[in-house]
Amino acid sequence: MEKKKQRKLIIMQSLAAMLEERDLLKITTAELAKRSEITEAAIYKHFPSKRKIYEELVIFFEESIFTRLVAMREETKPEDFPGQLISLVLKFCETNKGFSRILTREVFTADEIKIIDKVSNCFEKINIEIRQSLQDYERKTKKKLNLNLASSCDLLLSCLEGQIQSFVRSKFKKDLSSSWQDQWSFLKKAIFPS
């Protein structure tokens, strides 16, 4: 059983690495098998389709981010939480560059609407977490945000998606962490009353 898990992980890592290294040419199962150093038949033993590998990668992203949020929420002030959450996602993208292409949804065709929806759902969950922290801020401090709740959430989520898109466009050369810290410093002053 452990060997099966290990092989699945190797296949997933290989696909993520391929997304990082190349322009978006069609990734074939034959090429993925070669990169994973296993046969195509072995890939199909673990995953019935390439689509299923992408689904597993999205699940891996969700687990990596959302399992950390409980502790982060307890250790972080509500007004700092949105910046730290976005920073966490951006650091994940810097470490796992190929995932950025999954999060921008550019690797998917119209046939893969289920995965596109799954990625969109991840961003919706991030939006809910941001909204919750902004509501917590207003409730605890009895202060109103400078920008209304919906607009603040939209702005922060747009910044996150824009950062990821810009990272992909830069061919993964952009320093996401430091550019986000500068932007968050500005946005925090704009969103929260002094």
# chains A, B, ... in the order shown; residues from 1 in each chain; ligands from 1
>>> residues_around(residues="region 70-79 of chain A", least_positions_apart="5", cutoff="10 Å", atoms="only C-alpha atoms", output="ChimeraX atom specification")
/A:84-85,129-130,132-138,140-141,188,191-192
>>> write_last_selection(atoms="C-alpha atoms", output="CSV table (one decimal), in the first residue's frame")
chain,number,residue,atom,x,y,z
A,84,GLN,CA,-1.2,36.1,6.0
A,85,LEU,CA,-3.7,33.8,4.1
A,129,GLU,CA,-12.0,32.9,5.0
A,130,ILE,CA,-11.2,36.5,4.2
A,132,GLN,CA,-14.9,35.9,8.0
A,133,SER,CA,-11.8,37.6,9.3
A,134,LEU,CA,-13.1,41.0,8.1
A,135,GLN,CA,-16.4,40.4,9.9
A,136,ASP,CA,-14.5,39.3,13.0
A,137,TYR,CA,-12.5,42.5,12.9
A,138,GLU,CA,-15.7,44.6,12.7
A,140,LYS,CA,-14.3,42.7,17.9
A,141,THR,CA,-13.3,46.3,17.3
A,188,LYS,CA,-4.2,47.1,4.9
A,191,ILE,CA,-9.2,48.7,4.1
A,192,PHE,CA,-8.9,49.1,7.9
>>> residues_around(residues="Phe61 (chain A)", least_positions_apart="4", cutoff="9 Å", atoms="only C-alpha atoms", output="MDAnalysis selection string")
chainID A and resid 56:57 65:66 92 99 122
>>> write_last_selection(atoms="C-alpha atoms", output="PDB file, in the first residue's frame")
ATOM      1  CA  GLU A  56      -5.764  14.973  -6.940  1.00  0.00           C
ATOM      2  CA  LEU A  57      -3.409  17.945  -7.338  1.00  0.00           C
ATOM      3  CA  ILE A  65      -3.672  25.467   2.577  1.00  0.00           C
ATOM      4  CA  PHE A  66      -6.858  24.842   4.529  1.00  0.00           C
ATOM      5  CA  PHE A  92       2.795  27.649  -1.867  1.00  0.00           C
ATOM      6  CA  PHE A  99       0.440  24.577  -9.334  1.00  0.00           C
ATOM      7  CA  CYS A 122     -10.852  26.778  -3.711  1.00  0.00           C
TER       8      CYS A 122
END
>>> closest_atom_pairs(of="region 14-56 of chain A", to="region 101-111 of chain A", cutoff="10 Å", atoms="only C-alpha atoms", output="CSV")
residue,atom,partner,partner_atom,distance
A:Ala16,CA,A:Ile102,CA,8.8
A:Leu19,CA,A:Arg101,CA,6.9
A:Glu20,CA,A:Arg101,CA,7.8
A:Leu24,CA,A:Val107,CA,7.2
A:Leu25,CA,A:Val107,CA,9.4
A:Lys26,CA,A:Val107,CA,9.0
A:Ile27,CA,A:Val107,CA,9.6
A:Arg51,CA,A:Phe108,CA,9.0
A:Tyr54,CA,A:Ile102,CA,8.0
A:Glu55,CA,A:Ile102,CA,10.0
>>> atom_distance(atom1="CA of Asp80 (chain A)", atom2="CA of Phe167 (chain A)")
23.3 Å
